[in-house]
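*Asks:* Just one file: run-v6.cif, with mmCIF, C-alpha atoms.
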```cif
data_query
loop_
_atom_site.label_atom_id
_atom_site.label_comp_id
_atom_site.auth_asym_id
_atom_site.auth_seq_id
_atom_site.Cartn_x
_atom_site.Cartn_y
_atom_site.Cartn_z
CA ILE S 15 87.89 132.14 96.01
CA SER S 16 88.23 133.64 99.47
CA ASP S 17 84.74 132.82 100.80
CA ALA S 18 84.49 129.31 99.32
CA GLU S 19 84.20 126.24 101.54
CA TYR S 20 86.76 123.51 101.05
CA TYR S 21 86.30 119.82 101.85
CA ASP S 22 88.99 117.19 102.19
CA VAL S 23 87.88 114.28 99.99
CA ILE S 24 91.29 112.74 99.31
CA GLY S 25 90.97 108.95 99.32
CA LYS S 26 87.17 109.10 99.20
CA HIS S 27 84.71 108.41 96.39
CA ILE S 28 82.73 111.16 94.63
CA TYR S 29 79.54 110.18 92.81
CA PRO S 30 76.79 111.98 90.90
CA GLY S 31 73.55 112.04 92.90
CA LEU S 32 71.64 108.78 92.54
CA ILE S 33 68.25 108.91 90.80
CA LEU S 34 65.24 106.90 91.96
CA PRO S 35 62.61 106.54 89.17
CA ASN S 36 59.06 105.26 89.59
CA THR S 37 58.62 105.72 93.33
CA THR S 38 55.74 106.55 95.68
CA LEU S 39 58.14 107.99 98.24
CA GLY S 40 56.46 110.95 99.91
CA LEU S 41 52.98 109.85 98.79
CA ALA S 42 52.33 107.56 101.75
CA ASP S 43 53.79 107.03 105.20
CA ILE S 44 51.55 104.43 106.85
CA ASP S 45 50.04 101.92 104.42
CA ALA S 46 47.51 100.76 107.03
CA VAL S 47 46.03 104.28 107.24
CA ARG S 48 44.03 105.08 104.10
CA ALA S 49 44.20 108.83 104.69
CA THR S 50 47.98 108.80 104.29
CA ARG S 51 47.96 106.92 100.96
CA ASP S 52 47.93 109.53 98.21
CA PHE S 53 49.32 107.51 95.30
CA ASP S 54 46.14 105.81 94.03
CA GLU S 55 43.17 107.87 92.83
CA VAL S 56 39.62 106.60 92.33
CA GLY S 57 38.77 105.77 88.70
CA ASP S 58 40.51 104.14 85.73
CA PHE S 59 41.60 107.04 83.50
CA ASN S 60 43.22 109.82 85.52
CA PRO S 61 46.02 111.45 83.49
CA HIS S 62 45.07 114.80 85.07
CA VAL S 63 45.98 113.57 88.58
CA ARG S 64 49.34 115.16 89.43
CA SER S 65 51.39 113.28 92.01
CA ILE S 66 53.43 116.36 92.90
CA ILE S 67 50.43 117.97 94.61
CA ALA S 68 50.36 115.16 97.18
CA TYR S 69 54.13 114.89 97.68
CA ASN S 70 55.01 115.29 101.36
CA THR S 71 58.44 116.83 101.85
CA ASP S 72 58.12 116.22 105.60
CA SER S 73 57.92 112.46 105.22
CA PRO S 74 60.38 110.90 107.70
CA VAL S 75 61.35 108.39 105.01
CA VAL S 76 62.82 110.97 102.62
CA PRO S 77 65.96 111.71 104.72
CA THR S 78 66.72 107.96 104.91
CA VAL S 79 67.34 107.78 101.15
CA ARG S 80 69.60 110.84 101.17
CA THR S 81 71.94 109.04 103.57
CA ASN S 82 72.67 106.52 100.80
CA GLY S 83 73.19 109.12 98.09
CA ILE S 84 69.72 109.09 96.48
CA LEU S 85 69.07 112.76 95.81
CA ILE S 86 66.53 112.88 92.95
CA GLY S 87 63.28 110.93 92.52
CA GLN S 88 60.42 110.52 90.08
CA ILE S 89 57.28 110.70 92.23
CA THR S 90 54.82 108.39 90.53
CA PRO S 91 51.10 107.64 90.96
CA ARG S 92 49.69 104.12 90.95
CA GLY S 93 46.40 102.39 90.25
CA GLY S 94 43.76 102.37 87.53
CA VAL S 95 44.57 102.18 83.82
CA VAL S 96 46.03 105.66 83.39
CA SER S 97 47.32 106.40 86.88
CA GLY S 98 48.28 110.04 86.50
CA THR S 99 51.26 112.29 85.92
CA SER S 100 54.62 112.05 87.68
CA SER S 101 57.12 114.80 88.51
CA LEU S 102 60.81 114.84 89.39
CA VAL S 103 61.81 116.19 92.79
CA GLU S 104 64.89 116.96 94.81
CA PHE S 105 64.95 115.09 98.11
CA ASP S 106 65.54 118.22 100.18
CA ALA S 107 62.89 120.94 100.32
CA TRP S 108 60.43 122.78 102.53
CA ASN S 109 57.42 122.11 100.29
CA TYR S 110 56.53 120.49 97.00
CA GLU S 111 57.02 123.71 95.03
CA ASP S 112 60.60 123.98 96.30
CA ALA S 113 61.15 120.26 95.69
CA LEU S 114 60.19 120.38 92.00
CA TYR S 115 63.01 119.61 89.61
CA LYS S 116 60.95 118.79 86.52
CA GLN S 117 57.20 119.26 86.61
CA ASP S 118 54.78 116.77 85.03
CA ASP S 119 57.46 114.81 83.20
CA ALA S 120 55.38 111.76 82.21
CA VAL S 121 51.95 110.14 82.14
CA HIS S 122 51.92 106.66 83.71
CA MET S 123 49.62 103.84 82.74
CA ASN S 124 49.20 100.20 83.67
CA TRP S 125 48.95 98.05 80.55
CA PRO S 126 46.08 95.51 80.61
CA LYS S 127 47.34 92.35 82.30
CA SER S 128 47.69 89.19 80.23
CA SER S 129 47.23 85.71 81.65
CA PHE S 130 50.25 83.48 82.14
CA SER S 131 50.97 80.35 84.12
CA TYR S 132 53.16 80.58 87.22
CA TRP S 133 53.91 76.89 86.70
CA GLY S 134 54.55 77.23 82.95
CA HIS S 135 57.78 76.07 81.35
CA ASP S 136 57.69 78.71 78.64
CA HIS S 137 56.41 82.25 78.20
CA GLN S 138 53.47 81.39 75.90
CA GLU S 139 50.47 83.24 77.26
CA LYS S 140 46.86 82.20 77.16
CA VAL S 141 44.19 83.61 74.85
CA ASP S 142 42.48 86.13 77.10
CA ASP S 143 39.24 87.81 76.05
CA GLU S 144 39.39 90.12 79.07
CA PHE S 145 42.82 91.38 77.93
CA GLU S 146 41.47 92.21 74.47
CA LYS S 147 38.46 93.97 75.96
CA LYS S 148 40.60 96.16 78.21
CA LEU S 149 42.99 96.85 75.35
CA SER S 150 40.13 98.15 73.22
CA GLU S 151 39.17 100.53 76.07
CA VAL S 152 42.74 101.85 76.13
CA GLU S 153 42.72 102.33 72.35
CA GLU S 154 39.42 104.17 72.54
CA PHE S 155 40.72 106.54 75.23
CA PHE S 156 43.97 107.27 73.37
CA ASN S 157 42.18 107.85 70.06
CA LYS S 158 39.87 110.28 71.82
CA ALA S 159 42.82 112.02 73.46
CA ARG S 160 44.68 112.28 70.13
CA SER S 161 41.63 113.81 68.43
CA TYR S 162 41.30 116.28 71.30
CA ALA S 163 44.99 117.23 71.03
CA LYS S 164 44.54 117.99 67.32
CA SER S 165 41.29 119.92 67.70
CA SER S 166 40.95 123.64 68.30
CA SER S 167 37.90 123.31 70.53
CA LYS S 168 37.61 125.92 73.30
CA LYS S 169 35.88 123.43 75.59
CA THR S 170 38.39 122.04 78.09
CA ASP S 171 38.39 118.43 79.21
CA LEU S 172 40.89 118.07 82.08
CA ARG S 173 41.55 114.39 81.43
CA LEU S 174 42.22 114.84 77.74
CA GLU S 175 44.09 118.10 78.26
CA ALA S 176 46.56 116.25 80.49
CA MET S 177 47.23 113.85 77.60
CA ARG S 178 48.17 116.63 75.18
CA GLY S 179 51.83 116.48 76.22
CA VAL S 180 52.01 112.77 75.35
CA PHE S 181 51.17 113.58 71.73
CA ASN S 182 53.28 116.73 71.34
CA GLY S 183 56.30 115.13 73.01
CA SER S 184 56.51 117.35 76.10
CA LYS S 185 55.63 114.39 78.35
CA GLY S 186 56.82 110.83 78.34
CA LEU S 187 54.47 107.85 78.28
CA PHE S 188 55.59 105.40 80.96
CA VAL S 189 53.77 102.11 80.49
CA HIS S 190 53.93 99.58 83.33
CA VAL S 191 54.10 96.04 81.92
CA ARG S 192 55.19 92.55 82.98
CA THR S 193 54.98 89.84 80.31
CA VAL S 194 56.15 89.38 76.72
CA LYS S 195 52.62 89.84 75.40
CA GLU S 196 52.16 93.08 77.33
CA ILE S 197 55.57 94.39 76.26
CA LYS S 198 55.03 93.73 72.56
CA SER S 199 51.46 94.99 72.46
CA ALA S 200 52.46 98.22 74.26
CA VAL S 201 55.34 98.85 71.84
CA LEU S 202 53.19 98.19 68.77
CA PHE S 203 50.43 100.35 70.22
CA ALA S 204 52.83 103.29 70.64
CA LYS S 205 54.22 102.81 67.12
CA ASN S 206 50.72 102.85 65.64
CA LEU S 207 50.13 106.20 67.35
CA ASN S 208 53.56 107.48 66.21
CA LEU S 209 54.64 108.01 69.80
CA ASP S 210 58.42 108.07 70.23
CA ASN S 211 58.37 108.88 73.95
CA LEU S 212 57.46 105.41 75.23
CA VAL S 213 59.26 104.01 78.28
CA LEU S 214 58.48 100.56 79.67
CA VAL S 215 58.37 100.22 83.44
CA GLY S 216 58.74 96.96 85.35
CA ALA S 217 59.04 94.75 82.27
CA ASN S 218 59.86 91.52 84.12
CA ASP S 219 60.04 89.66 80.80
CA ALA S 220 62.25 92.26 79.10
CA TRP S 221 65.16 89.81 79.06
CA ARG S 222 63.11 87.48 76.84
CA VAL S 223 62.60 90.16 74.17
CA ALA S 224 65.78 92.21 74.60
CA ASP S 225 66.54 92.23 70.85
CA PHE S 226 62.99 93.40 70.08
CA LEU S 227 63.36 96.29 72.54
CA ALA S 228 66.77 97.24 71.15
CA GLU S 229 65.48 97.14 67.57
CA ASN S 230 62.64 99.50 68.48
CA GLU S 231 64.86 101.67 70.73
CA ILE S 232 62.58 101.30 73.74
CA PRO S 233 64.13 102.27 77.11
CA VAL S 234 63.24 100.27 80.21
CA VAL S 235 62.91 101.13 83.89
CA LEU S 236 63.74 97.65 85.10
CA ASN S 237 61.79 96.20 88.01
CA ARG S 238 63.53 95.79 91.34
CA VAL S 239 66.49 93.42 91.12
CA HIS S 240 65.93 91.91 94.57
CA ARG S 241 62.83 89.88 93.73
CA LEU S 242 61.75 86.36 92.85
CA PRO S 243 61.07 85.28 89.25
CA MET S 244 57.52 85.46 87.87
CA ARG S 245 57.42 81.81 86.90
CA LYS S 246 58.46 78.72 88.82
CA SER S 247 60.29 77.41 85.74
CA GLU S 248 62.61 80.45 85.49
CA ASP S 249 66.09 80.68 86.98
CA VAL S 250 65.83 81.84 90.56
CA ASP S 251 68.38 84.56 89.80
CA ILE S 252 66.91 85.77 86.50
CA ALA S 253 66.05 89.15 88.03
CA TYR S 254 69.73 89.62 88.89
CA LYS S 255 70.85 88.68 85.37
CA SER S 256 68.30 90.78 83.44
CA ALA S 257 70.40 93.95 83.56
CA LYS S 258 73.35 92.25 81.86
CA ILE S 259 71.09 90.70 79.20
CA LEU S 260 69.58 94.10 78.36
CA LEU S 261 72.99 95.79 78.32
CA ASP S 262 74.43 93.20 75.93
CA ALA S 263 71.44 93.64 73.62
CA GLY S 264 71.93 97.42 73.55
CA VAL S 265 68.81 98.38 75.50
CA LEU S 266 68.92 101.63 77.48
CA PHE S 267 67.74 100.77 81.00
CA CYS S 268 67.81 101.96 84.58
CA LEU S 269 66.77 100.42 87.91
CA ASP S 270 63.88 101.21 90.23
CA TYR S 271 62.75 99.84 93.60
CA GLU S 272 59.03 99.25 93.07
CA GLY S 273 57.39 96.49 95.11
CA ASP S 274 56.55 95.56 98.69
CA MET S 275 57.89 98.07 101.21
CA GLU S 276 59.21 100.15 98.31
CA ARG S 277 59.26 103.40 100.24
CA MET S 278 61.07 102.09 103.32
CA GLY S 279 63.37 99.99 101.15
CA ALA S 280 64.13 102.64 98.51
CA ARG S 281 67.38 103.51 100.29
CA ASN S 282 68.68 100.10 99.08
CA LEU S 283 68.62 101.17 95.41
CA PRO S 284 72.43 101.44 95.14
CA PHE S 285 72.84 97.97 96.63
CA THR S 286 70.52 96.43 94.03
CA ALA S 287 72.79 98.01 91.43
CA GLY S 288 75.70 96.44 93.29
CA THR S 289 74.05 93.03 92.95
CA THR S 290 74.11 93.36 89.15
CA VAL S 291 77.91 93.60 89.38
CA ALA S 292 77.96 90.05 90.71
CA TYR S 293 75.90 89.02 87.66
CA GLY S 294 77.94 90.52 84.85
CA LEU S 295 77.92 94.33 84.92
CA THR S 296 81.04 96.33 85.65
CA ARG S 297 80.87 98.74 88.58
CA GLU S 298 80.73 101.66 86.14
CA GLU S 299 77.86 100.10 84.19
CA ALA S 300 75.96 99.36 87.41
CA LEU S 301 76.48 102.92 88.62
CA MET S 302 75.18 104.26 85.31
CA SER S 303 71.95 102.29 85.82
CA ILE S 304 71.07 104.57 88.74
CA THR S 305 72.69 107.78 87.48
CA LEU S 306 73.34 108.67 83.83
CA SER S 307 71.09 106.03 82.25
CA ALA S 308 68.25 107.03 84.57
CA ALA S 309 68.84 110.68 83.68
CA LYS S 310 68.70 109.87 79.94
CA ILE S 311 65.41 107.98 80.33
CA LEU S 312 63.95 110.83 82.40
CA LYS S 313 65.28 113.43 79.90
CA ILE S 314 67.38 115.28 82.47
CA ASP S 315 70.83 114.11 81.38
CA GLY S 316 71.69 117.67 80.28
CA SER S 317 71.93 118.68 83.94
CA LEU S 318 72.17 115.47 86.00
CA GLY S 319 73.54 111.94 85.97
CA SER S 320 77.27 112.54 85.68
CA LEU S 321 80.06 114.76 86.98
CA GLU S 322 80.74 117.14 84.10
CA PRO S 323 81.33 120.88 83.70
CA GLY S 324 78.06 122.71 83.16
CA LYS S 325 75.88 120.20 85.01
CA ASP S 326 74.22 120.77 88.36
CA ALA S 327 76.41 120.16 91.40
CA THR S 328 74.18 117.32 92.60
CA LEU S 329 76.63 114.83 94.04
CA PHE S 330 77.79 113.04 97.16
CA VAL S 331 80.97 111.79 98.78
CA SER S 332 81.22 108.31 100.24
CA GLU S 333 83.94 106.91 102.45
CA GLY S 334 83.65 103.63 100.51
CA ASP S 335 81.98 102.00 97.50
CA ALA S 336 78.46 103.42 97.16
CA LEU S 337 77.21 100.13 95.67
CA ASP S 338 78.43 98.07 98.61
CA MET S 339 76.20 98.10 101.69
CA MET S 340 79.18 97.23 103.91
CA THR S 341 81.35 100.18 102.89
CA ASN S 342 78.98 102.90 101.64
CA ASP S 343 79.13 105.77 104.12
CA VAL S 344 77.92 109.09 102.74
CA SER S 345 79.75 111.93 104.49
CA LEU S 346 78.85 114.84 102.19
CA ALA S 347 75.96 115.48 99.80
CA PHE S 348 74.94 118.42 97.67
CA ILE S 349 71.88 119.22 95.56
CA ARG S 350 72.60 121.97 93.02
CA GLY S 351 75.50 123.07 95.19
CA LYS S 352 73.53 123.22 98.44
CA LYS S 353 75.03 121.15 101.23
CA LEU S 354 72.56 118.72 102.81
CA GLU S 355 71.98 117.63 106.37
CA LEU S 356 72.48 113.88 106.44
CA GLY S 357 70.73 112.98 109.68
CA ASN S 358 67.48 111.01 109.88
CA HIS S 359 65.27 109.43 112.52
CA GLN S 360 66.92 106.03 112.10
CA ILE S 361 70.36 107.45 112.88
CA ASP S 362 68.87 109.30 115.86
CA LEU S 363 67.37 106.09 117.21
CA TYR S 364 70.64 104.24 116.66
CA GLU S 365 72.55 106.83 118.68
CA LYS S 366 69.88 106.88 121.37
CA TYR S 367 69.95 103.14 122.01
CA LYS S 368 73.72 102.92 121.60
CA LYS S 369 74.07 105.34 124.51
CA ARG S 370 71.52 103.37 126.49
CA HIS S 371 73.40 100.14 125.88
CA LYS S 372 76.68 101.79 126.90
CA LYS S 373 75.17 102.99 130.18
CA LEU S 374 73.81 99.54 130.97
CA SER S 375 77.15 97.85 130.16
CA ASN S 376 79.03 100.22 132.49
CA LYS S 377 76.86 99.31 135.49
#
```
Go ahead and express the file in the form of C-alpha cells.
*Replies:*
Amino acid sequence: ISDAEYYDVIGKHIYPGLILPNTTLGLADIDAVRATRDFDEVGDFNPHVRSIIAYNTDSPVVPTVRTNGILIGQITPRGGVVSGTSSLVEFDAWNYEDALYKQDDAVHMNWPKSSFSYWGHDHQEKVDDEFEKKLSEVEEFFNKARSYAKSSSKKTDLRLEAMRGVFNGSKGLFVHVRTVKEIKSAVLFAKNLNLDNLVLVGANDAWRVADFLAENEIPVVLNRVHRLPMRKSEDVDIAYKSAKILLDAGVLFCLDYEGDMERMGARNLPFTAGTTVAYGLTREEALMSITLSAAKILKIDGSLGSLEPGKDATLFVSEGDALDMMTNDVSLAFIRGKKLELGNHQIDLYEKYKKRHKKLSNK
C-alpha cells in the first residue's frame, strides 16, 4: 500500500490494548473537592444513573494510563445499593460521545454487607439481622423491576426502565461483593431470578469458594492484587495467590484496580498482573487477565482482547515486557487503527525538572 505508514517493531513486544474494568477514571479528579466527584449519586437505587454522562475526557489522569498500554476502560459508578449503569470507553477522545465503545453495558450494585471478624481464624460469618433486612429490600426492588419488564404499561418509570436490560440480557449485572456469604447469596439470588448475566466484582473471598463459582460458571472481576488480606488470620499474600487459585478451579476472571487512589494508580494495572506471575500464573495467563479474559467478561471479545484478523486494531508496542514496571516502555499505541499521542503531564514535568537539574549541575 503506497500511502501506508510503516513502523519498525523488530525486537519489540506487541500487545493487544489493555482493558481496565470497574474504574472511576474520568469521574473525579480531586477527591477533596465534592464538585469534581461524579461517581456517587444521592439515593440507594439508581440504575438509571449513567456514568458515561459524567465522564471527563479532559481528565489529566487519562493520558497517564495510555502510557502503560491501558486503552479501554469500563467507567463505573459507585455508592448506594444499585449504583448505576457503566459504559465502556476508549481512552482517547474529544468528548464522551466520541469516547463511547459500548454504551450502558452493565448495571452495578453493592451487595448488602455481611459481618465478619477481622481477627477471625475462619470465614464463618455472624448472624446479621441488618444483612437480612437489606437483602429483603434488594429482593423487593428486583421483583418490582422484573414485573415492570414483563408488563406492557405505557407509564414509564426511569429507575425500572433502566433495569429492563438486566432481565432481557442486553445488560450485565455486576454485583460488588466481598465475603463468602455475600458471594453465595448473590449467586443464588441471580439463579432464582434466572439471570445468566451475573458478574461478581471485588470478591475478596472468591478463592475460598472457587469450585462453587466454577460450578455455577460465574465470572469474577478480581479485586486489586496489591492489597492486604481482609482478615488478620489470612496469608499476607493471599491477594497475590487468588488469581492462580481461580484459574486452577476453572473460573473466568480478570483484574481491576479498585481501591484507594484507584484513579491515579490505575496505570499500574499491568504490573499487578505481573505480580500474579510470581505467584503461579504464566506470563500469557497474566496478560489474558487484563486483555482477553476482561474482554470476555465485558462481552467485547469479538472485537478486542487479542491480536487476531477481524478484530479492532487496538494495540500497543512496548520496548520491553509490559507486565514488568522496570522494562515496560510503550513507544506506539493505536485505538481502532488511530495512532495515539503518548505524552502526559507527568512526562512533561519529568522533562522540565530534568532540564533544570542539568542546568544546575553544569554551574
*Asks:* Out of S:Asp249, S:Glu151, S:Glu111, S:Glu196, which residue has the shortest atom-to-atom distance to Asp219 (chain S) when counting all atoms listed in the file?
*Replies:*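 When distances to Asp219 (chain S) are compared using all atoms listed in the file, the smallest one comes from S:Glu196.
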*Asks:* Using the chain letters and numbers from the file, which residues does the PyMOL selection byres ((chain S and resi 95) around 10) grab, as a short mmCIF file (atom, residue, chain, number, x, y, z; two decimals) with C-alpha atoms, in the coordinates of the input?
*Replies:*
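After the write, out-v4.cif holds the following:
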```cif
data_model
loop_
_atom_site.label_atom_id
_atom_site.label_comp_id
_atom_site.auth_asym_id
_atom_site.auth_seq_id
_atom_site.Cartn_x
_atom_site.Cartn_y
_atom_site.Cartn_z
CA GLY S 57 38.77 105.77 88.70
CA ASP S 58 40.51 104.14 85.73
CA PHE S 59 41.60 107.04 83.50
CA ASN S 60 43.22 109.82 85.52
CA PRO S 61 46.02 111.45 83.49
CA ARG S 92 49.69 104.12 90.95
CA GLY S 93 46.40 102.39 90.25
CA GLY S 94 43.76 102.37 87.53
CA VAL S 96 46.03 105.66 83.39
CA SER S 97 47.32 106.40 86.88
CA GLY S 98 48.28 110.04 86.50
CA HIS S 122 51.92 106.66 83.71
CA MET S 123 49.62 103.84 82.74
CA ASN S 124 49.20 100.20 83.67
CA TRP S 125 48.95 98.05 80.55
CA PRO S 126 46.08 95.51 80.61
CA LYS S 148 40.60 96.16 78.21
CA GLU S 151 39.17 100.53 76.07
CA VAL S 152 42.74 101.85 76.13
CA VAL S 189 53.77 102.11 80.49
CA HIS S 190 53.93 99.58 83.33
#
```
*Asks:* Which is closer to Ala228 (chain S) than all the others in S:Thr71, S:Ser375, S:Asp52, S:Ala263, using only C-alpha atoms?
*Replies:*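 The shortest atom-to-atom distance to Ala228 (chain S) comes from S:Ala263.
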*Asks:* Just give me the gap between CA of Phe285 (chain S) and CA of Tyr271 (chain S) in Å, one decimal is fine.
*Replies:*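 Distance between the two atoms: 10.7 Å.
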*Asks:* To test the calculation: enclose all listed atoms of region 119-131 of chain S in a box whose edges run along x, y and z, add 5 Å on each side, then state centre and edge lengths in Å to one decimal, as JSON.
*Replies:*
```
{"center_x": 51.8, "center_y": 97.6, "center_z": 82.2, "size_x": 21.4, "size_y": 44.5, "size_z": 13.9}
```
*Asks:* Hey, can you check how far CA of Val180 (chain S) sits from CA of Gly264 (chain S)?
*Replies:*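 CA of Val180 (chain S) sits 25.2 Å away from CA of Gly264 (chain S).
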*Asks:* For the structure shown, which residues end up in the PyMOL selection byres ((chain S and resi 329) around 10)? Put them as a list in words, please?
*Replies:*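 Taken over the shown coordinates, the PyMOL selection byres ((chain S and resi 329) around 10) returns Ile28, Tyr29, Pro30, Gly31, Leu32, Gly83, Ile84, Leu85, Leu318, Gly319, Ser320, Leu321, Asp326, Ala327, Thr328, Phe330, Val331, Leu346, Ala347, Phe348, Ile349, Arg350, Gly351, Lys352 and Lys353 of chain S.
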*Asks:* For the file shown, report as a PyMOL selection string the outcome of the PyMOL selection byres ((chain S and resi 357) around 9) at residue level.
*Replies:* chain S and resi 77-78+80-81+355-356+358-362
*Asks:* Work out how far CA of Gly294 (chain S) is from CA of Gly334 (chain S), in Å to one decimal.
*Replies:*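 CA of Gly294 (chain S) lies 21.2 Å from CA of Gly334 (chain S).
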*Asks:* Select all residues near (58.1, 89.0, 81.6) (cut-off 7 Å, inclusive, file coordinates), counting all atoms listed in the file, and output them as a PyMOL selection string.
*Replies:* chain S and resi 192-194+217-220
*Asks:* Which residues come within 12 Å of Gly279 (chain S), counting only C-alpha atoms, excluding same-chain residues fewer than 3 positions away, as a list in words?
*Replies:* Leu34, Thr37, Thr38, Leu39, Val75, Val76, Thr78, Val79, Asn82, Arg238, His240, Asp270, Tyr271, Glu272, Gly273, Asp274, Met275, Glu276, Asn282, Leu283, Pro284, Phe285 and Thr286 of chain S
*Asks:* Go through S:Val344, S:Val235, S:Ala68, S:Ala257 one by one, measure the shortest atom-to-atom distance of each to Ala49 (chain S) using all atoms listed in the file, and give the residue with the smallest value.
*Replies:*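 Going through S:Val344, S:Val235, S:Ala68, S:Ala257 one by one, the smallest distance to Ala49 (chain S) is for S:Ala68.
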*Asks:* Excluding Val23 (chain S) and residues on its chain fewer than 2 positions from it, collect all residues at most 9 Å away from it, counting all atoms listed in the file, and give them as an MDAnalysis selection string.
*Replies:* chainID S and resid 21 25:28 331:333
*Asks:* Name the residues, using the chain letters and numbers of the file, that sit within 9 Å of (70.0, 99.0, 77.3) when counting only C-alpha atoms, and give them as a count of residues only.
*Replies:* 20
*Asks:* Hey, which of S:Lys116, S:Arg178, S:Asp343, S:Arg241 ends up closest to Ser165 (chain S)? Count all atoms listed in the file.
*Replies:*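 Among S:Lys116, S:Arg178, S:Asp343, S:Arg241, it is S:Arg178 that comes nearest to Ser165 (chain S).
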*Asks:* Mind checking which residues fall within 7 Å of His62 (chain S), counting only C-alpha atoms, ignoring those fewer than 2 positions away in the same chain, and posting them as a list in words?
*Replies:*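 My list of contacting residues is Asn60, Arg64, Gly98, Thr99, Leu172, Arg173 and Ala176 of chain S.
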*Asks:* Nearest to Asp22 (chain S) among S:Tyr293, S:Ser345, S:Trp108, S:Ser129, with distances taken over only C-alpha atoms: which residue is it?
*Replies:*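 Ranking S:Tyr293, S:Ser345, S:Trp108, S:Ser129 by distance to Asp22 (chain S), first place goes to S:Ser345.
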*Asks:* Restricting the calculation to only C-alpha atoms: of S:Ser73, S:Ser100, S:Ser256, S:Thr305, which residue gets closest to Asn36 (chain S)?
*Replies:*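 For Asn36 (chain S), the nearest of the given residues is S:Ser100.
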